[in-house]
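Okay, start_25.csv now, which holds CSV, C-alpha atoms and all ligand atoms:
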```
chain,number,residue,atom,x,y,z
A,1,MET,CA,7.2,-16.7,8.6
A,2,SER,CA,7.6,-18.7,5.4
A,3,ASP,CA,7.5,-16.6,2.2
A,4,ILE,CA,6.0,-19.5,0.3
A,5,ASP,CA,2.8,-19.6,2.2
A,6,SER,CA,2.6,-16.0,3.2
A,7,LEU,CA,-0.5,-15.6,1.0
A,8,GLU,CA,-2.4,-18.2,3.1
A,9,ASP,CA,-3.8,-15.5,5.4
A,10,TYR,CA,-4.9,-13.5,2.4
A,11,ARG,CA,-6.7,-16.5,0.8
A,12,THR,CA,-8.2,-17.8,4.0
A,13,LYS,CA,-10.0,-14.5,4.6
A,14,ARG,CA,-11.6,-14.5,1.2
A,15,ASP,CA,-14.2,-16.5,-0.8
A,16,PHE,CA,-13.0,-16.3,-4.4
A,17,ASN,CA,-16.4,-17.4,-5.8
A,18,PHE,CA,-17.7,-14.2,-4.3
A,19,THR,CA,-15.1,-11.5,-4.4
A,20,PRO,CA,-13.6,-10.1,-7.7
A,21,GLU,CA,-10.2,-9.8,-6.0
A,22,PRO,CA,-7.4,-12.0,-7.5
A,23,PHE,CA,-6.6,-15.4,-6.0
A,24,GLY,CA,-2.9,-14.5,-6.8
A,25,VAL,CA,-1.2,-16.4,-9.5
A,26,GLN,CA,1.7,-14.1,-10.3
A,27,THR,CA,4.7,-14.7,-8.1
A,28,VAL,CA,7.6,-13.8,-10.3
A,29,PRO,CA,8.9,-10.3,-9.7
A,30,SER,CA,8.9,-8.0,-12.7
A,31,GLY,CA,12.1,-6.1,-12.8
A,32,LYS,CA,12.0,-3.0,-10.6
A,33,PRO,CA,9.9,-3.6,-7.5
A,34,ARG,CA,6.5,-1.9,-7.7
A,35,PHE,CA,4.2,-0.3,-5.2
A,36,VAL,CA,0.6,0.6,-5.0
A,37,ILE,CA,-1.5,2.8,-2.8
A,38,GLN,CA,-5.2,1.8,-2.9
A,39,LYS,CA,-8.0,3.9,-1.5
A,40,HIS,CA,-10.5,1.6,0.1
A,41,ALA,CA,-13.9,2.6,1.2
A,42,ALA,CA,-14.5,-0.4,3.6
A,43,SER,CA,-16.4,0.0,6.8
A,44,THR,CA,-13.9,2.8,7.5
A,45,LEU,CA,-12.2,4.7,4.6
A,46,HIS,CA,-8.5,4.1,4.5
A,47,TYR,CA,-5.5,3.7,2.2
A,48,ASP,CA,-3.5,0.5,1.7
A,49,LEU,CA,0.2,0.9,0.9
A,50,ARG,CA,1.6,-2.2,-0.7
A,51,LEU,CA,5.3,-2.7,-1.5
A,52,GLU,CA,6.5,-5.6,-3.7
A,53,VAL,CA,9.0,-7.6,-1.6
A,54,GLU,CA,10.2,-11.1,-2.4
A,55,GLY,CA,7.2,-12.0,-4.6
A,56,VAL,CA,4.4,-10.6,-2.6
A,57,LEU,CA,2.9,-7.2,-1.7
A,58,LYS,CA,3.8,-6.3,1.9
A,59,SER,CA,0.9,-4.2,3.1
A,60,TRP,CA,0.0,-1.5,5.6
A,61,ALA,CA,-3.4,0.1,6.2
A,62,ILE,CA,-3.1,3.9,6.6
A,63,PRO,CA,-6.3,5.5,7.9
A,64,LYS,CA,-5.4,9.0,6.8
A,65,GLY,CA,-3.4,8.1,3.7
A,66,PRO,CA,0.1,9.4,2.8
A,67,SER,CA,1.2,13.0,3.3
A,68,THR,CA,3.9,14.9,1.4
A,69,ASP,CA,4.6,16.9,4.6
A,70,PRO,CA,7.3,15.3,6.8
A,71,ARG,CA,5.6,16.7,9.9
A,72,GLN,CA,2.4,14.7,9.2
A,73,LYS,CA,3.3,11.3,10.5
A,74,ARG,CA,0.6,8.9,9.5
A,75,LEU,CA,-0.4,5.8,11.4
A,76,ALA,CA,0.2,2.6,9.4
A,77,ILE,CA,-1.1,-0.8,10.5
A,78,PRO,CA,0.4,-3.9,9.0
A,79,THR,CA,-2.1,-6.2,7.2
A,80,GLU,CA,-1.7,-9.5,5.5
A,81,ASP,CA,0.5,-10.0,2.5
A,82,HIS,CA,-1.3,-9.6,-0.8
A,83,PRO,CA,-0.5,-11.3,-4.2
A,84,LEU,CA,1.4,-9.3,-6.8
A,85,ASP,CA,-1.5,-9.3,-9.1
A,86,TYR,CA,-3.5,-7.3,-6.5
A,87,ILE,CA,-1.4,-4.3,-7.7
A,88,ASP,CA,-3.9,-3.1,-10.3
A,89,PHE,CA,-7.1,-4.3,-8.5
A,90,GLU,CA,-9.8,-1.7,-8.7
A,91,GLY,CA,-13.4,-2.3,-8.3
A,92,ILE,CA,-16.1,-3.3,-5.8
A,93,ILE,CA,-15.8,-6.0,-3.1
A,94,PRO,CA,-19.4,-7.1,-2.6
A,95,LYS,CA,-21.3,-6.6,0.6
A,96,GLY,CA,-20.8,-9.5,3.0
A,97,ALA,CA,-17.3,-10.2,1.7
A,98,TYR,CA,-14.1,-9.5,3.6
A,99,GLY,CA,-13.1,-5.9,3.2
A,100,ALA,CA,-16.4,-5.1,1.4
A,101,GLY,CA,-16.4,-1.7,-0.3
A,102,THR,CA,-14.9,0.1,-3.3
A,103,VAL,CA,-11.2,0.0,-4.1
A,104,LEU,CA,-9.4,2.6,-6.2
A,105,VAL,CA,-5.8,2.6,-7.4
A,106,TRP,CA,-4.8,6.0,-5.9
A,107,ASP,CA,-1.1,5.8,-6.9
A,108,THR,CA,1.3,3.2,-8.3
A,109,GLY,CA,4.7,3.0,-9.8
A,110,THR,CA,8.1,1.6,-8.9
A,111,TYR,CA,10.2,2.1,-5.8
A,112,GLU,CA,13.9,1.8,-4.8
A,113,ASN,CA,15.2,0.3,-1.7
A,114,ILE,CA,17.3,3.0,0.1
A,115,ASN,CA,18.0,1.1,3.3
A,116,GLU,CA,21.6,1.0,4.1
A,117,LYS,CA,24.0,0.7,7.0
A,118,ASP,CA,27.7,1.3,6.8
A,119,GLY,CA,27.5,1.6,3.0
A,120,GLU,CA,25.8,-1.8,2.7
A,121,THR,CA,22.3,-2.2,1.4
A,122,ILE,CA,19.8,-3.8,3.8
A,123,SER,CA,17.2,-5.9,2.0
A,124,MET,CA,13.6,-4.8,2.2
A,125,ALA,CA,12.6,-8.0,3.9
A,126,GLN,CA,15.3,-7.4,6.6
A,127,ALA,CA,14.4,-3.7,6.9
A,128,ILE,CA,10.7,-4.8,7.5
A,129,ARG,CA,11.9,-7.2,10.2
A,130,ASN,CA,13.9,-4.4,11.7
A,131,GLY,CA,10.9,-2.2,11.8
A,132,ASN,CA,12.6,0.6,9.9
A,133,VAL,CA,12.0,0.7,6.2
A,134,LYS,CA,13.2,3.5,3.8
A,135,PHE,CA,12.2,3.6,0.1
A,136,SER,CA,12.0,6.0,-2.7
A,137,LEU,CA,8.7,6.0,-4.6
A,138,ASN,CA,8.4,6.8,-8.3
A,139,GLY,CA,4.6,7.2,-8.4
A,140,LYS,CA,2.4,9.4,-10.5
A,141,LYS,CA,1.3,11.4,-7.5
A,142,ILE,CA,4.0,10.9,-4.9
A,143,LYS,CA,7.7,10.9,-5.3
A,144,GLN,CA,10.9,10.2,-3.5
A,145,GLY,CA,11.6,9.1,0.0
A,146,PHE,CA,9.3,7.7,2.7
A,147,ALA,CA,10.0,5.8,5.9
A,148,LEU,CA,7.9,3.3,7.6
A,149,VAL,CA,8.9,3.0,11.2
A,150,ARG,CA,7.6,0.5,13.8
A,151,THR,CA,7.0,2.5,17.0
A,152,ASN,CA,6.8,-0.3,19.5
A,153,LYS,CA,9.2,-3.2,19.5
A,154,ALA,CA,6.9,-5.4,21.5
A,155,SER,CA,4.0,-5.1,19.2
A,156,ASN,CA,3.8,-5.1,15.4
A,157,ASN,CA,0.6,-3.3,14.9
A,158,ARG,CA,1.6,0.4,15.1
A,159,TRP,CA,3.9,1.9,12.5
A,160,LEU,CA,4.2,5.4,11.2
A,161,LEU,CA,4.5,6.4,7.5
A,162,ILE,CA,6.7,9.5,7.3
A,163,LYS,CA,7.7,11.6,4.3
A,164,MET,CA,11.5,12.1,4.2
A,165,ASN,CA,13.0,15.6,3.7
A,166,ASP,CA,13.8,15.7,0.0
A,167,GLU,CA,12.5,17.2,-3.2
A,168,GLY,CA,9.3,15.2,-3.0
A,169,VAL,CA,8.1,17.3,-0.1
A,170,ASN,CA,5.1,19.5,-0.6
A,171,ILE,CA,3.7,21.1,2.6
A,172,ASN,CA,1.2,23.2,0.7
A,173,GLN,CA,-1.3,20.6,-0.3
A,174,ASP,CA,-3.1,17.7,1.2
A,175,ILE,CA,-2.6,15.4,-1.7
A,176,VAL,CA,-5.3,12.8,-0.7
A,177,THR,CA,-7.8,15.7,-0.9
A,178,THR,CA,-6.5,17.5,-3.9
A,179,GLU,CA,-6.0,14.4,-6.0
A,180,PRO,CA,-8.7,11.9,-5.1
A,181,GLN,CA,-9.0,10.1,-8.4
A,182,SER,CA,-7.7,6.8,-9.7
A,183,VAL,CA,-4.4,6.9,-11.6
A,184,LEU,CA,-5.6,3.9,-13.6
A,185,SER,CA,-9.0,5.0,-14.7
A,186,GLY,CA,-9.3,8.7,-13.7
A,187,ARG,CA,-12.4,7.8,-11.7
A,188,THR,CA,-13.3,8.8,-8.2
A,189,LEU,CA,-14.6,6.3,-5.6
A,190,GLU,CA,-18.1,7.4,-6.3
A,191,GLU,CA,-17.8,6.9,-10.0
A,192,ILE,CA,-16.5,3.4,-9.5
A,193,THR,CA,-19.2,2.6,-7.0
A,194,ASP,CA,-21.9,3.9,-9.3
A,195,LYS,CA,-20.7,2.3,-12.6
A,196,LYS,CA,-23.6,-0.1,-12.7
A,197,LYS,CA,-26.0,2.9,-13.0
A,198,ILE,CA,-24.3,4.3,-16.1
A,201,MN,MN,-8.0,-2.2,2.8
```
Let me see whether you can do it: turn the structure in this file into structure tokens.
Amino acid sequence: MSDIDSLEDYRTKRDFNFTPEPFGVQTVPSGKPRFVIQKHAASTLHYDLRLEVEGVLKSWAIPKGPSTDPRQKRLAIPTEDHPLDYIDFEGIIPKGAYGAGTVLVWDTGTYENINEKDGETISMAQAIRNGNVKFSLNGKKIKQGFALVRTNKASNNRWLLIKMNDEGVNINQDIVTTEPQSVLSGRTLEEITDKKKI
């Protein structure tokens, strides 16, 4: 897979005359790598975890969203790379468009690559190829270590997102339920969806 045209899949799926999503012009990384978790009320509600890696957002769809409880392993399905400027996309993808539905920026911030072997850092791109990715999030809602682990070597479509055992653990709340709002606008999905009525 070439990194230069890894956005081809993203662009082919979308009609940019029709969707408000970005075509993707920003390709230069901006200091510390960033992440976003978008809540997406498409045909099925899910969360999209995107990690900035080598100029694009590597992406996984997580039906139940992240958990701060290490025992709650969450299914994560790889999806197409997204452009860096998708990181603050919030709004409505119109009916009939690919991924139609409302998108909310549920959490965002920077992350640190904590993949290492024998004292050597493994790049995020390599860790993703290996199917074992560890990163420490510095979001507004969720913090510290998470692992994304591919569960089946023969197939790429089933990974798990698992909270690592550290100070970011909170087993007493289901954070996707207790903190449903956007970290960018403070709005809920319903408030974004209904904005034209206000
Ligand atoms: Mn999605």
Sorted by chain and rising residue number, which residues of chain A lie within 7 Å of ligand MN 201 (chain A), and what are their closest atom pairs and distances in Å to one decimal, counting all atoms listed in the file, as a Markdown table?
```
| residue | atom | partner | partner_atom | distance |
| --- | --- | --- | --- | --- |
| A:His40 | CA | A:MN201 | MN | 5.3 |
| A:Ala42 | CA | A:MN201 | MN | 6.8 |
| A:His46 | CA | A:MN201 | MN | 6.5 |
| A:Tyr47 | CA | A:MN201 | MN | 6.4 |
| A:Asp48 | CA | A:MN201 | MN | 5.4 |
| A:Ala61 | CA | A:MN201 | MN | 6.2 |
| A:Gly99 | CA | A:MN201 | MN | 6.3 |
```
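Each of A:Pro83, A:Ala76, A:Lys95, A:Pro66 was checked against Arg150 in chain A using all atoms listed in the file; the smallest atom-to-atom distance is that of A:Ala76.
The coordinates place CA of Pro22 in chain A at 18.0 Å from CA of Val53 in chain A.
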Record the distance separating CA of Val169 in chain A and CA of Gly145 in chain A, expressed in Å with one decimal. 8.9 Å
For range 16-19 of chain A, please output as a PDB file with C-alpha atoms, in the coordinates of the input all residues within 7 Å (counting only C-alpha atoms; exclusion window: fewer than 2 positions along the same chain).
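Below is the file that was written, around.pdb:
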```pdb
ATOM      1  CA  ARG A  14     -11.600 -14.500   1.200  1.00  0.00           C
ATOM      2  CA  GLU A  21     -10.200  -9.800  -6.000  1.00  0.00           C
ATOM      3  CA  PHE A  23      -6.600 -15.400  -6.000  1.00  0.00           C
ATOM      4  CA  ILE A  93     -15.800  -6.000  -3.100  1.00  0.00           C
ATOM      5  CA  PRO A  94     -19.400  -7.100  -2.600  1.00  0.00           C
ATOM      6  CA  ALA A  97     -17.300 -10.200   1.700  1.00  0.00           C
TER       7      ALA A  97
END
```
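The smallest atom-to-atom distance between Asp88 in chain A and any of A:Leu189, A:Val149, A:Ile171, A:Leu57, using all atoms listed in the file, is found for A:Leu57.
Considering the residues A:Arg74, A:Thr79, A:Trp60, A:Leu45 and counting all atoms listed in the file, Ser6 in chain A has its shortest atom-to-atom contact with A:Thr79.
CA of Ile128 in chain A to CA of Lys140 in chain A spans 24.4 Å [interatomic distance, one decimal].
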Up to 10 Å from (16.2, -11.3, -4.1) in the file's coordinates: name the residues, counting only C-alpha atoms, as a ChimeraX atom specification. /A:29,53-55,123-125
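Shortest separation to Leu75 in chain A among A:Asp107, A:Pro63, A:Gly186, A:Asn130 occurs at residue A:Pro63, atoms counted being all atoms listed in the file.
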Nearest to Asn115 in chain A by atom-to-atom distance, counting all atoms listed in the file, from A:Ser136, A:Asn172, A:Thr188, A:Thr102: A:Ser136
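If you measure from each of A:Lys58, A:Lys32, A:Lys134, A:Lys64 to His82 in chain A using all atoms listed in the file, the closest one turns out to be A:Lys58.
The environment of Ser185 in chain A within 10 Å, counting all atoms listed in the file and disregarding residues fewer than 6 places along the same chain, consists of Glu90, Leu104, Val105, Trp106 and Ile192 of chain A.
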In the coordinates of the file, take the point (-18.7, 3.9, -7.9) and a cut-off of 10 Å; then, counting only C-alpha atoms, name each qualifying protein, DNA or RNA residue as a JSON list (two decimals) with C-alpha atoms, in the frame of the given file.
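Below you can see result37.json, which holds the result:
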```json
[["chain", "number", "residue", "atom", "x", "y", "z"],
["A", 91, "GLY", "CA", -13.40, -2.30, -8.30],
["A", 92, "ILE", "CA", -16.10, -3.30, -5.80],
["A", 101, "GLY", "CA", -16.40, -1.70, -0.30],
["A", 102, "THR", "CA", -14.90, 0.10, -3.30],
["A", 103, "VAL", "CA", -11.20, 0.00, -4.10],
["A", 104, "LEU", "CA", -9.40, 2.60, -6.20],
["A", 187, "ARG", "CA", -12.40, 7.80, -11.70],
["A", 188, "THR", "CA", -13.30, 8.80, -8.20],
["A", 189, "LEU", "CA", -14.60, 6.30, -5.60],
["A", 190, "GLU", "CA", -18.10, 7.40, -6.30],
["A", 191, "GLU", "CA", -17.80, 6.90, -10.00],
["A", 192, "ILE", "CA", -16.50, 3.40, -9.50],
["A", 193, "THR", "CA", -19.20, 2.60, -7.00],
["A", 194, "ASP", "CA", -21.90, 3.90, -9.30],
["A", 195, "LYS", "CA", -20.70, 2.30, -12.60],
["A", 196, "LYS", "CA", -23.60, -0.10, -12.70],
["A", 197, "LYS", "CA", -26.00, 2.90, -13.00],
["A", 198, "ILE", "CA", -24.30, 4.30, -16.10]]
```
Ile175 in chain A surroundings by only C-alpha atoms, 10 Å radius, close-in-sequence under 2 positions cut, as a count of residues only: 15
Fewer than 3 positions away in the same chain doesn't count, so skip those; otherwise give me all residues within 12 Å of Ile122 in chain A, counting only C-alpha atoms, as a PyMOL selection string. chain A and resi 112-119+125-130+132-135
Could range 52-80 of chain A be written out with N, CA, C and O atoms, as a compact mmCIF listing (two decimals), in the first residue's frame, please?
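Wrote result-v7.txt, looks like this:
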```txt
# COMPACT_ATOMS: atom_id res chain seq x y z
N GLU A 52 -3.40 9.94 13.59
CA GLU A 52 -2.53 10.53 12.58
C GLU A 52 -1.25 9.70 12.46
O GLU A 52 -0.50 9.57 13.42
N VAL A 53 -1.05 9.14 11.28
CA VAL A 53 0.14 8.34 11.01
C VAL A 53 0.62 8.66 9.60
O VAL A 53 -0.13 8.49 8.64
N GLU A 54 1.83 9.17 9.48
CA GLU A 54 2.46 9.43 8.18
C GLU A 54 1.55 10.21 7.23
O GLU A 54 1.36 9.85 6.07
N GLY A 55 0.95 11.29 7.76
CA GLY A 55 0.24 12.23 6.89
C GLY A 55 -1.21 11.90 6.60
O GLY A 55 -1.87 12.62 5.85
N VAL A 56 -1.72 10.80 7.14
CA VAL A 56 -3.15 10.50 7.00
C VAL A 56 -3.71 10.09 8.36
O VAL A 56 -2.98 9.92 9.33
N LEU A 57 -5.03 9.91 8.40
CA LEU A 57 -5.67 9.40 9.62
C LEU A 57 -6.01 7.93 9.41
O LEU A 57 -6.91 7.59 8.63
N LYS A 58 -5.26 7.07 10.07
CA LYS A 58 -5.56 5.64 10.07
C LYS A 58 -6.84 5.45 10.89
O LYS A 58 -6.96 6.04 11.98
N SER A 59 -7.77 4.65 10.40
CA SER A 59 -9.13 4.67 10.97
C SER A 59 -9.68 3.29 11.27
O SER A 59 -9.43 2.33 10.54
N TRP A 60 -10.43 3.24 12.36
CA TRP A 60 -11.16 2.03 12.77
C TRP A 60 -12.56 2.44 13.19
O TRP A 60 -12.72 3.43 13.92
N ALA A 61 -13.55 1.67 12.78
CA ALA A 61 -14.92 1.88 13.25
C ALA A 61 -15.15 0.99 14.47
O ALA A 61 -14.84 -0.21 14.44
N ILE A 62 -15.68 1.61 15.53
CA ILE A 62 -15.86 0.90 16.80
C ILE A 62 -17.34 0.96 17.16
O ILE A 62 -17.83 2.01 17.62
N PRO A 63 -18.08 -0.14 16.93
CA PRO A 63 -19.54 -0.08 17.12
C PRO A 63 -19.94 0.44 18.49
O PRO A 63 -20.85 1.26 18.59
N LYS A 64 -19.29 -0.02 19.56
CA LYS A 64 -19.71 0.39 20.90
C LYS A 64 -18.92 1.58 21.44
O LYS A 64 -19.19 2.04 22.56
N GLY A 65 -17.92 2.03 20.73
CA GLY A 65 -17.11 3.14 21.22
C GLY A 65 -16.08 2.68 22.23
O GLY A 65 -16.07 1.51 22.65
N PRO A 66 -15.20 3.59 22.66
CA PRO A 66 -14.13 3.21 23.57
C PRO A 66 -14.66 3.00 24.99
O PRO A 66 -15.71 3.53 25.36
N SER A 67 -13.92 2.22 25.77
CA SER A 67 -14.24 2.04 27.18
C SER A 67 -12.99 2.35 27.99
O SER A 67 -11.87 2.10 27.54
N THR A 68 -13.20 2.89 29.19
CA THR A 68 -12.06 3.14 30.09
C THR A 68 -11.86 1.96 31.05
O THR A 68 -11.11 2.06 32.01
N ASP A 69 -12.55 0.86 30.78
CA ASP A 69 -12.44 -0.36 31.58
C ASP A 69 -11.67 -1.41 30.77
O ASP A 69 -12.14 -1.84 29.71
N PRO A 70 -10.50 -1.82 31.25
CA PRO A 70 -9.68 -2.79 30.49
C PRO A 70 -10.40 -4.11 30.20
O PRO A 70 -10.02 -4.82 29.27
N ARG A 71 -11.42 -4.42 30.96
CA ARG A 71 -12.14 -5.68 30.73
C ARG A 71 -13.10 -5.59 29.55
O ARG A 71 -13.55 -6.60 29.03
N GLN A 72 -13.41 -4.36 29.14
CA GLN A 72 -14.37 -4.16 28.04
C GLN A 72 -13.62 -4.04 26.73
O GLN A 72 -13.25 -2.94 26.31
N LYS A 73 -13.37 -5.16 26.09
CA LYS A 73 -12.65 -5.14 24.81
C LYS A 73 -13.64 -4.80 23.71
O LYS A 73 -14.65 -5.46 23.57
N ARG A 74 -13.32 -3.78 22.95
CA ARG A 74 -14.29 -3.29 21.98
C ARG A 74 -13.88 -3.63 20.56
O ARG A 74 -12.75 -3.34 20.14
N LEU A 75 -14.80 -4.25 19.83
CA LEU A 75 -14.56 -4.58 18.43
C LEU A 75 -14.19 -3.32 17.65
O LEU A 75 -14.84 -2.27 17.82
N ALA A 76 -13.17 -3.42 16.81
CA ALA A 76 -12.70 -2.29 16.00
C ALA A 76 -12.45 -2.80 14.58
O ALA A 76 -11.67 -3.73 14.39
N ILE A 77 -13.13 -2.20 13.62
CA ILE A 77 -13.06 -2.67 12.23
C ILE A 77 -12.31 -1.63 11.40
O ILE A 77 -12.75 -0.47 11.32
N PRO A 78 -11.18 -1.99 10.79
CA PRO A 78 -10.43 -1.00 10.01
C PRO A 78 -11.27 -0.44 8.87
O PRO A 78 -12.02 -1.18 8.23
N THR A 79 -11.16 0.87 8.66
CA THR A 79 -11.83 1.51 7.53
C THR A 79 -10.79 2.31 6.75
O THR A 79 -9.62 2.33 7.13
N GLU A 80 -11.22 2.95 5.66
CA GLU A 80 -10.26 3.60 4.78
C GLU A 80 -9.56 4.77 5.47
O GLU A 80 -10.14 5.43 6.33
```
